[in-house]
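Asks: Following this message is one structure expressed as structure tokens.
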Amino acid sequence: MQNSVEVSAPTVEEAIQRGLELLATTPDQVEIEVLDSGSKGFLGFGSRQVRVRIKRLIASSEPLAASREAPGAPSPQPVAEVPLPDLAASPAEPLLAVRTRQVLQEILRLLHIENAQVEIRNVEEQQGHHIVQAEIHGQDLDILIGRRAETLQALQYLVSLIVGKEIEDWVHVVLDVEGYRQRREQQLRRLAARMAEQAIRTGRRQVLEPMPAAERRIIHLALRDHPDVTTQSIGEEPNRKVVIIPRR
Amino acid sequence: MKELLEYLARSLVTQPEQVRVEEQQRGQRVHLSLSVSKEDMGRIIGKNGRVVQAMRTLLRVAAEQEGKQVTFEIPEP
């Protein structure tokens, strides 16, 4: 059985996961060495992949417990040029999911929010971007949403940056709290329909309250195919708002 | 609050050992002052101050939970 592999991949995370698959093992049973932390290059030129060596810690025939308790055995330290994420948490779960959950849990703890559960709903890659969908469950979590979902956006943004910095790649964490986004989307669609009706009835443009980009998008999409109105965004962030204009 | 700011700042910068947070308390008002290495200023401020603003928003939540008010600044180095 092969005991060591070298893997190249666009990110450290992918290299590690590919290596673990090749060795058919789990993160807690290997030593990981980042040989080359890669380079993003400039506009796609001169980019270099990440190279990682993964070495099995113990002969696979040896019982795990015996080797762990061996007296005086030097504890293997992974040698890394970049900070490696905590791999030991759950070998079956993608690294991104593990780290996103840990970062969220740490922030919740520091915010003194207790008894909240973090669920990672999905991890996927779209056009080279990592998208992690996470939801926080619990009681009385309105404080995490805030006025105009400002707090939810801030939390989502910071967690994306922190996790993205760790894996040295672009990560977009889409965060929800107790189904808030879904409820809000329905509410915005109803608002769009009502204001469109008002625009037609009065023949005057209707200016909505300022909204974050994601919410404005819901309004634009809701009225995209409307025969009698068009939509536009006006003003500067964070006071940018949607205007619903009757067609002439 | 101080611990939250330290955690966020250290997780965002390339030189976490350079992160310093000073806390001044006057009654229910807490003032936090953050300093990071010169190279990390951009990361901690963000485009159009987006990172600072997001940290400020979370600090307000922490303050509210403790029944306090918080102000937060990053003095020019």
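By convention here, the chains of the structure tokens are called A, B, ... in the order presented, each chain's residues are numbered starting at 1, and ligands are numbered starting at 1 in the order presented.
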List every residue of chain A that has an atom at most 12 Å from any atom of chain B, giving for each one its closest atom pair and the distance in Å to one decimal, counting only C-alpha atoms, sorted by chain and then by ascending residue number, as a tab-separated table.

Replies:
residue	atom	partner	partner_atom	distance
A:Val82	CA	B:Thr14	CA	10.6
A:Pro83	CA	B:Thr14	CA	10.6
A:Val103	CA	B:Ser11	CA	9.4
A:Leu104	CA	B:Leu8	CA	11.1
A:Glu106	CA	B:Tyr7	CA	8.7
A:Ile107	CA	B:Leu4	CA	7.0
A:Leu108	CA	B:Leu4	CA	9.5
A:Arg109	CA	B:Leu4	CA	9.0
A:Leu110	CA	B:Leu4	CA	5.4
A:Leu111	CA	B:Ala62	CA	4.8
A:His112	CA	B:Gln65	CA	7.0
A:Ile113	CA	B:Gln65	CA	8.4
A:Glu114	CA	B:Gln65	CA	11.3
A:Leu141	CA	B:Val61	CA	11.2
A:Asp142	CA	B:Val61	CA	10.6
A:Ile143	CA	B:Val61	CA	6.9
A:Leu144	CA	B:Val61	CA	7.6
A:Ile145	CA	B:Val61	CA	10.0
A:Gly146	CA	B:Val61	CA	8.7
A:Arg147	CA	B:Thr57	CA	10.6
A:Ala149	CA	B:Thr57	CA	10.8
A:Glu150	CA	B:Thr57	CA	7.5
A:Thr151	CA	B:Thr57	CA	6.1
A:Leu152	CA	B:Leu58	CA	9.2
A:Gln153	CA	B:Ala54	CA	7.9
A:Ala154	CA	B:Ala54	CA	4.4
A:Leu155	CA	B:Leu58	CA	7.1
A:Gln156	CA	B:Ala54	CA	9.2
A:Tyr157	CA	B:Ala54	CA	7.4
A:Leu158	CA	B:Ala54	CA	7.0
A:Val159	CA	B:Leu8	CA	9.1
A:Ser160	CA	B:Leu12	CA	10.4
A:Leu161	CA	B:Leu12	CA	7.0
A:Ile162	CA	B:Leu12	CA	5.7
A:Val163	CA	B:Ser11	CA	8.7
A:Gly164	CA	B:Leu12	CA	9.5
A:Lys165	CA	B:Leu12	CA	7.1
A:Glu166	CA	B:Ser11	CA	8.5
A:Glu168	CA	B:Thr14	CA	11.6
A:Glu237	CA	B:Asn48	CA	10.1
A:Pro238	CA	B:Arg50	CA	10.8

Asks: List every residue of region 30-68 of chain B that DSSP, applied to the backbone, labels as strand (DSSP E), and write the result as a PyMOL selection string.

Replies: chain B and resi 30-35

Asks: Include all heavy atoms and write out the residues we just selected as a short mmCIF file (atom, residue, chain, number, x, y, z; two decimals), in the first residue's frame.

Replies:
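Okay, this is what ended up in out-v3.cif:
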data_model
loop_
_atom_site.label_atom_id
_atom_site.label_comp_id
_atom_site.auth_asym_id
_atom_site.auth_seq_id
_atom_site.Cartn_x
_atom_site.Cartn_y
_atom_site.Cartn_z
N VAL B 30 -18.11 51.91 26.14
CA VAL B 30 -16.83 51.24 25.92
C VAL B 30 -16.23 51.78 24.63
O VAL B 30 -16.92 51.87 23.62
CB VAL B 30 -17.02 49.71 25.79
CG1 VAL B 30 -15.70 49.02 25.56
CG2 VAL B 30 -17.70 49.16 27.03
N HIS B 31 -14.98 52.18 24.70
CA HIS B 31 -14.31 52.65 23.50
C HIS B 31 -13.18 51.68 23.15
O HIS B 31 -12.33 51.37 23.98
CB HIS B 31 -13.74 54.05 23.70
CG HIS B 31 -13.07 54.58 22.47
ND1 HIS B 31 -13.78 55.02 21.38
CD2 HIS B 31 -11.76 54.68 22.14
CE1 HIS B 31 -12.93 55.40 20.44
NE2 HIS B 31 -11.69 55.18 20.86
N LEU B 32 -13.20 51.18 21.92
CA LEU B 32 -12.17 50.23 21.49
C LEU B 32 -11.32 50.88 20.41
O LEU B 32 -11.83 51.55 19.51
CB LEU B 32 -12.82 48.96 20.92
CG LEU B 32 -13.63 48.12 21.89
CD1 LEU B 32 -14.33 47.00 21.15
CD2 LEU B 32 -12.75 47.56 22.99
N SER B 33 -10.03 50.69 20.54
CA SER B 33 -9.10 51.24 19.57
C SER B 33 -8.24 50.09 19.05
O SER B 33 -7.63 49.35 19.81
CB SER B 33 -8.26 52.31 20.27
OG SER B 33 -7.26 52.75 19.42
N LEU B 34 -8.24 49.93 17.73
CA LEU B 34 -7.56 48.77 17.12
C LEU B 34 -6.33 49.24 16.36
O LEU B 34 -6.39 50.21 15.60
CB LEU B 34 -8.52 48.06 16.16
CG LEU B 34 -7.94 47.00 15.22
CD1 LEU B 34 -7.50 45.76 15.98
CD2 LEU B 34 -8.96 46.62 14.14
N SER B 35 -5.23 48.55 16.55
CA SER B 35 -4.08 48.83 15.67
C SER B 35 -3.57 47.53 15.05
O SER B 35 -3.57 46.48 15.69
CB SER B 35 -2.97 49.57 16.42
OG SER B 35 -2.43 48.75 17.42
#

Asks: Choose the residue, out of B:Ser37, B:Lys68, B:Glu6, B:Ile45, that has the smallest atom-to-atom separation from Gln18 (chain B); count only C-alpha atoms.

Replies: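 The answer is B:Ser37, which sits nearest to Gln18 (chain B).
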
Asks: Quick check, in Å to one decimal: how far apart do CA of Ala116 (chain A) and CA of Ile136 (chain A) lie?

Replies: 6.5 Å

Asks: CA of Val207 (chain A) and CA of Glu185 (chain A), how far apart in Å?

Replies: 18.4 Å

Asks: Pick the closest to Gln127 (chain A) from A:Ala15, A:Val171, A:Leu208, A:Ala213: which is it, counting only C-alpha atoms?

Replies: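 Smallest distance to Gln127 (chain A) is found for A:Val171.
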